[in-house]
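Undergrad: Starting off with a structure, shown below.
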Amino acid sequence: MAEISKLQIAELDFDTIKNNLKDYFNSQAEFTDHDFGGSAVSVLLDILSYNTYYNAYYLNMLASESFLDSAQLRDSVVAKAAMLGYTPQSATGAKANVSITVTPETSPATITIDKNTQFTSTVNGTSYVFCTANSTTITPVDGVYTASGVTLTQGIPLTFRYTANTANTEQKFLLPNANTDTDTLTVTVQESAADTNTSVYTKATDITTVNSTSNVYFLSESSEGQFKVEFGDGILGRKPVTGNIVLLAALVTEGDEVNGANTFSASGTVGGFSTSSVAVTNAASGGSDKENLESIKFNAPKNFETQNRAVTTDDYKKIVEGNVSGLDSVSVWGGQDNATPEFGKVFISAKPTGATSLSASQIAEIKSAATDFNMVSITPEVVDPDIIDLIFSVTVKYDSRKTTLSSGAVAEAVIDTIQTYKTNNLLKFGSIFRYSTLTTNIDNTNSSIINNLTTITAKKGLTPSTSTAESYTIDFNNEIFNPSTTYEGAVTSSAFEFTDAAGTSYSTAFMDDLNGTLRIYYLSGSDKIILSNTAGTVTYSNGNISITSFKPDSFVGSTLDFTIQPAVNDLVPVRNQMFDVSNTNITVTMQDDAGTGTTVTSTTAAGTVSSTTTGTTTGSSTTY
């Protein structure tokens, strides 16, 4: 064998490294005819190979952890984000807006509900603590003591106490609980154990306004995953002195587990009185877990680009995402891009975690965050998400011989597939509904499924006035299916009660369209009797529905719903629109292609169970 003068060093796996070492030794004259596989030298080769392998792995990981995009460890990602001036979002407590009525035994001039007065709520059988976000003073009105617009935040209040020691350069002021809600953090510095004078410190957000005497603190995430508070060095911010007592008070929260809480009761006295009641204005929403790695990697560079100013829509988006907690998705567009242009405005829409509409406190928080950075001539306006409900009618052809599952179990699996698609792809601004992706996922739900035929309709609701005639606009922003000028019912409404121009009342009326005109009608048997041919217009090309001078006497449900069939199956949201789908809007029809009569157990989306026996030679069909 020819002598090998150099080792091969390109390989990184253990076995190849060891073989390269063997080949090198075998090629040397000193080791001619030596058995490296069966001798003690093999152990030494193992050690050399392991050492080489470990070093290669270490250097690879070192290189990967040095960059934000490739880092896998949280402390590496957090450290790189910190270099861009970005602090990960902590866990946040769900917030509910309530009115609290206190019934005192006496008649005091006022009642004060202290900050962090505790209330409890139960979600899925588990009790959670909520606290008042601020102190509230109640002045009675006609002898009734009611505080409106009170915000309850989920979390247990904890205070951590540290004594400053400037001689200890390693001293840290930590918030030791991983689920601390830093939005609720208050930092107070007491002069000493003997001097009880205190100063409240605020979080530093703009160092250009900080000087040597500014009472500010800096917040960051430590390598242990805990948040830590740091103070100034005497140049950027006031530096604590030995003996100062640092008090860190915050709520420790359960994150998104508590979203939806809507009943509350006092844990003890409220304002010093034992009798109180709570009326819910907005159920708890906005609770979220600590920001994950993918979110940090995405947001940190965007935050750096913003540079603490709001000029572009992306700037506003990052400012809101960075300063307002409990939001799943944010959309921003200029007034010039609004459906009806409004120059001098910027529109901000956000979907809160666990809800589809913003609470009053969240709207105020978003406005405050945007106003702090925007140009003087621009007015921020916050709007709720515009939800379009998708309705699916799914016919699934399957072969019962290829599965041990019942027809109902396969149907439930299909419904779960649709909900998984929703979780991964819908209820986000800018997320396009892709028909082919969904139908492929349905086909892959179970090996017994041969194919599926899924039809889609879309629905939006409005709340019309029942006292005055008003005009309304509904924008689907997607083309409506209308194959000819004689095609009726491209747009349909849910039922409402209506009085026509002659004063005749109809308990059940509907709207539909014909050739771009909205009509109001009622059914006499199967015949449509038109009550009005001038209820509004439909623009099929862009999905715009305009209703003019409309006043129903009443309507069924909480909203009057309008349903369309889209012209194409892929749907694109615009501005603050997003798509949703609930189980009640999914119908699954199972068609057995086995060719024999079968008995199937049917489970609907609502959970109703029934049994159906079919026995046709062409297969069986069951609708869920």
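Identifiers in the structure tokens: chain A, B, ... in order shown; residue index from 1 per chain; ligand index from 1 in order shown.
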Can you list, as a PyMOL selection string, all residues belonging to segment 291-478 of chain A that DSSP tags as helix (DSSP H, G or I)?
TA: chain A and resi 293-306+313-323+335-337+360-371+400-402+407-425+435-443
Undergrad: Excluding segment 277-288 of chain A and residues on its chain fewer than 5 positions from it, collect all residues at most 8 Å away from it, counting only C-alpha atoms, and give them as JSON, numbers by chain.
TA: {"A": [91, 92, 93, 94, 95, 96, 97, 98, 99, 100, 101, 102, 149, 254, 255, 256, 257, 258, 259, 260, 261, 262, 263, 264, 265, 266, 325, 326, 327, 352, 353, 354, 355, 359]}
Undergrad: Please produce an output containing N, CA and C atoms for each residue in the selection, written as a short mmCIF file (atom, residue, chain, number, x, y, z; two decimals), in the first residue's frame.
TA:
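This went into result15.cif:
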```
data_model
loop_
_atom_site.label_atom_id
_atom_site.label_comp_id
_atom_site.auth_asym_id
_atom_site.auth_seq_id
_atom_site.Cartn_x
_atom_site.Cartn_y
_atom_site.Cartn_z
N ALA A 91 -44.35 36.16 29.41
CA ALA A 91 -45.72 35.68 29.50
C ALA A 91 -46.61 36.84 29.93
N THR A 92 -47.84 36.86 29.43
CA THR A 92 -48.75 37.95 29.79
C THR A 92 -50.05 37.37 30.31
N GLY A 93 -50.61 38.04 31.29
CA GLY A 93 -51.87 37.60 31.89
C GLY A 93 -53.06 38.04 31.07
N ALA A 94 -54.07 37.18 31.01
CA ALA A 94 -55.32 37.55 30.33
C ALA A 94 -55.98 38.70 31.08
N LYS A 95 -56.59 39.60 30.31
CA LYS A 95 -57.24 40.77 30.90
C LYS A 95 -58.73 40.77 30.61
N ALA A 96 -59.52 41.10 31.61
CA ALA A 96 -60.97 41.21 31.46
C ALA A 96 -61.42 42.59 31.90
N ASN A 97 -62.40 43.14 31.20
CA ASN A 97 -63.00 44.42 31.59
C ASN A 97 -64.31 44.15 32.31
N VAL A 98 -64.45 44.70 33.51
CA VAL A 98 -65.62 44.41 34.33
C VAL A 98 -66.13 45.68 35.00
N SER A 99 -67.33 45.57 35.54
CA SER A 99 -67.89 46.58 36.43
C SER A 99 -68.07 45.92 37.80
N ILE A 100 -67.61 46.59 38.84
CA ILE A 100 -67.68 46.04 40.19
C ILE A 100 -68.64 46.88 41.02
N THR A 101 -69.63 46.22 41.60
CA THR A 101 -70.59 46.90 42.47
C THR A 101 -70.37 46.43 43.90
N VAL A 102 -70.12 47.38 44.80
CA VAL A 102 -69.88 47.09 46.21
C VAL A 102 -71.12 47.50 47.00
N GLY A 149 -65.52 49.96 33.95
CA GLY A 149 -64.26 49.99 33.21
C GLY A 149 -63.06 49.54 34.01
N GLU A 254 -50.55 32.53 34.25
CA GLU A 254 -50.68 31.23 33.60
C GLU A 254 -50.78 31.36 32.08
N GLY A 255 -50.56 32.54 31.53
CA GLY A 255 -50.53 32.73 30.07
C GLY A 255 -51.87 32.51 29.40
N ASP A 256 -51.84 31.77 28.27
CA ASP A 256 -53.04 31.66 27.44
C ASP A 256 -54.06 30.65 27.97
N GLU A 257 -53.75 29.95 29.05
CA GLU A 257 -54.69 28.97 29.58
C GLU A 257 -55.97 29.61 30.11
N VAL A 258 -55.94 30.90 30.42
CA VAL A 258 -57.05 31.54 31.12
C VAL A 258 -57.90 32.40 30.18
N ASN A 259 -57.54 32.45 28.91
CA ASN A 259 -58.36 33.21 27.97
C ASN A 259 -59.78 32.65 27.95
N GLY A 260 -60.75 33.57 27.94
CA GLY A 260 -62.15 33.16 27.92
C GLY A 260 -62.83 33.21 29.25
N ALA A 261 -62.11 33.43 30.35
CA ALA A 261 -62.74 33.53 31.67
C ALA A 261 -63.78 34.65 31.68
N ASN A 262 -64.98 34.34 32.12
CA ASN A 262 -66.07 35.34 32.04
C ASN A 262 -66.95 35.40 33.28
N THR A 263 -66.57 34.75 34.34
CA THR A 263 -67.29 34.89 35.61
C THR A 263 -66.27 35.13 36.71
N PHE A 264 -66.53 36.11 37.56
CA PHE A 264 -65.57 36.50 38.59
C PHE A 264 -66.27 36.71 39.92
N SER A 265 -65.57 36.37 40.97
CA SER A 265 -66.06 36.63 42.32
C SER A 265 -64.90 37.07 43.18
N ALA A 266 -65.18 37.91 44.16
CA ALA A 266 -64.12 38.44 45.01
C ALA A 266 -63.54 37.34 45.88
N SER A 325 -48.72 43.57 24.59
CA SER A 325 -48.67 42.12 24.77
C SER A 325 -50.04 41.50 24.48
N GLY A 326 -50.03 40.18 24.31
CA GLY A 326 -51.28 39.45 24.16
C GLY A 326 -51.91 39.55 22.78
N LEU A 327 -51.10 39.81 21.75
CA LEU A 327 -51.63 39.91 20.38
C LEU A 327 -51.07 38.79 19.53
N PRO A 352 -56.35 39.74 19.28
CA PRO A 352 -55.82 39.34 20.58
C PRO A 352 -55.79 37.83 20.74
N THR A 353 -54.89 37.35 21.57
CA THR A 353 -54.81 35.92 21.86
C THR A 353 -56.10 35.45 22.53
N GLY A 354 -56.71 34.41 21.98
CA GLY A 354 -57.90 33.84 22.58
C GLY A 354 -59.18 34.58 22.32
N ALA A 355 -59.17 35.56 21.42
CA ALA A 355 -60.39 36.32 21.12
C ALA A 355 -60.29 36.82 19.68
N SER A 359 -60.39 44.39 23.38
CA SER A 359 -61.05 45.00 24.53
C SER A 359 -60.74 46.49 24.54
#
```
Undergrad: Taking only C-alpha atoms into account, which of A:Phe173, A:Val270, A:Ser42, A:Val588 comes nearest Thr137 of chain A?
TA: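 Result for the nearest residue to Thr137 of chain A: A:Val270.
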Undergrad: What gap, in Å, lies between atom CA of Tyr398 of chain A and atom CA of Gln565 of chain A?
TA: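 Atom CA of Gln565 of chain A lies at a distance of 26.5 Å from atom CA of Tyr398 of chain A.
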Undergrad: From the set A:Val320, A:Ile586, A:Leu174, A:Val568, which residue has the shortest atom-to-atom contact distance to Phe392 of chain A, counting only C-alpha atoms?
TA: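 Closest candidate: A:Ile586.
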Undergrad: Let me make sure I understand: among A:Val330, A:Ala300, A:Ala469, A:Val210, which one has the smallest atom-to-atom distance to Ile547 of chain A if we use only C-alpha atoms?
TA: A:Ala469
Undergrad: Find the residues around Tyr472 of chain A up to 10 Å (only C-alpha atoms counted), leave out those fewer than 3 positions away in its own chain, and share them as a PyMOL selection string.
TA: chain A and resi 462-464+469+536+545-550
Undergrad: With N, CA and C atoms retained, could you export that selection as an mmCIF file, in the first residue's frame?
TA:
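Result file out.cif:
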```cif
data_model
loop_
_atom_site.group_PDB
_atom_site.id
_atom_site.type_symbol
_atom_site.label_atom_id
_atom_site.label_comp_id
_atom_site.auth_asym_id
_atom_site.auth_seq_id
_atom_site.Cartn_x
_atom_site.Cartn_y
_atom_site.Cartn_z
ATOM 1 N N LEU A 462 -73.758 41.419 10.119
ATOM 2 C CA LEU A 462 -73.836 42.801 10.577
ATOM 3 C C LEU A 462 -74.984 42.907 11.581
ATOM 4 N N THR A 463 -74.946 43.961 12.366
ATOM 5 C CA THR A 463 -75.993 44.206 13.360
ATOM 6 C C THR A 463 -76.767 45.448 12.948
ATOM 7 N N PRO A 464 -77.854 45.281 12.182
ATOM 8 C CA PRO A 464 -78.589 46.447 11.691
ATOM 9 C C PRO A 464 -79.452 47.071 12.792
ATOM 10 N N ALA A 469 -83.868 53.499 9.637
ATOM 11 C CA ALA A 469 -83.360 52.961 8.373
ATOM 12 C C ALA A 469 -81.935 53.457 8.156
ATOM 13 N N GLY A 536 -80.613 47.357 -2.404
ATOM 14 C CA GLY A 536 -79.188 47.655 -2.475
ATOM 15 C C GLY A 536 -78.590 47.099 -3.742
ATOM 16 N N ILE A 545 -71.091 44.435 -1.132
ATOM 17 C CA ILE A 545 -72.550 44.454 -0.981
ATOM 18 C C ILE A 545 -72.931 45.757 -0.304
ATOM 19 N N SER A 546 -73.777 46.530 -0.950
ATOM 20 C CA SER A 546 -74.211 47.819 -0.424
ATOM 21 C C SER A 546 -75.715 47.762 -0.160
ATOM 22 N N ILE A 547 -76.117 47.984 1.073
ATOM 23 C CA ILE A 547 -77.525 47.941 1.477
ATOM 24 C C ILE A 547 -77.966 49.363 1.795
ATOM 25 N N THR A 548 -79.081 49.784 1.228
ATOM 26 C CA THR A 548 -79.526 51.167 1.400
ATOM 27 C C THR A 548 -80.852 51.220 2.143
ATOM 28 N N SER A 549 -80.948 52.184 3.058
ATOM 29 C CA SER A 549 -82.198 52.503 3.763
ATOM 30 C C SER A 549 -82.922 51.236 4.238
ATOM 31 N N PHE A 550 -82.216 50.470 5.077
ATOM 32 C CA PHE A 550 -82.734 49.178 5.523
ATOM 33 C C PHE A 550 -83.045 49.217 7.011
#
```
Undergrad: DSSP on the backbone, strand (DSSP E) only: what residues of segment 470-560 of chain A does that give? Format it as a PyMOL selection string.
TA: chain A and resi 470-475+488-493+496-499+505-514+517-524+527-539+544-550+554-555+560
Undergrad: Can you measure atom CA of Ile156 of chain A to atom CA of Thr253 of chain A for me? One decimal in Å is fine.
TA: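 So the two atoms, atom CA of Ile156 of chain A and atom CA of Thr253 of chain A, lie 6.6 Å apart.
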Undergrad: Mind giving me the straight-line distance from atom CA of Gly543 of chain A to atom CA of Ile456 of chain A in Å, one decimal?
TA: 15.0 Å
Undergrad: Skipping near chain neighbours, those fewer than 6 positions away, what residues fall within 7 Å of Gln577 of chain A using only C-alpha atoms, listed as a list in words?
TA: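 Those residues are Pro385, Asp386, Ile387 and Phe429 of chain A.
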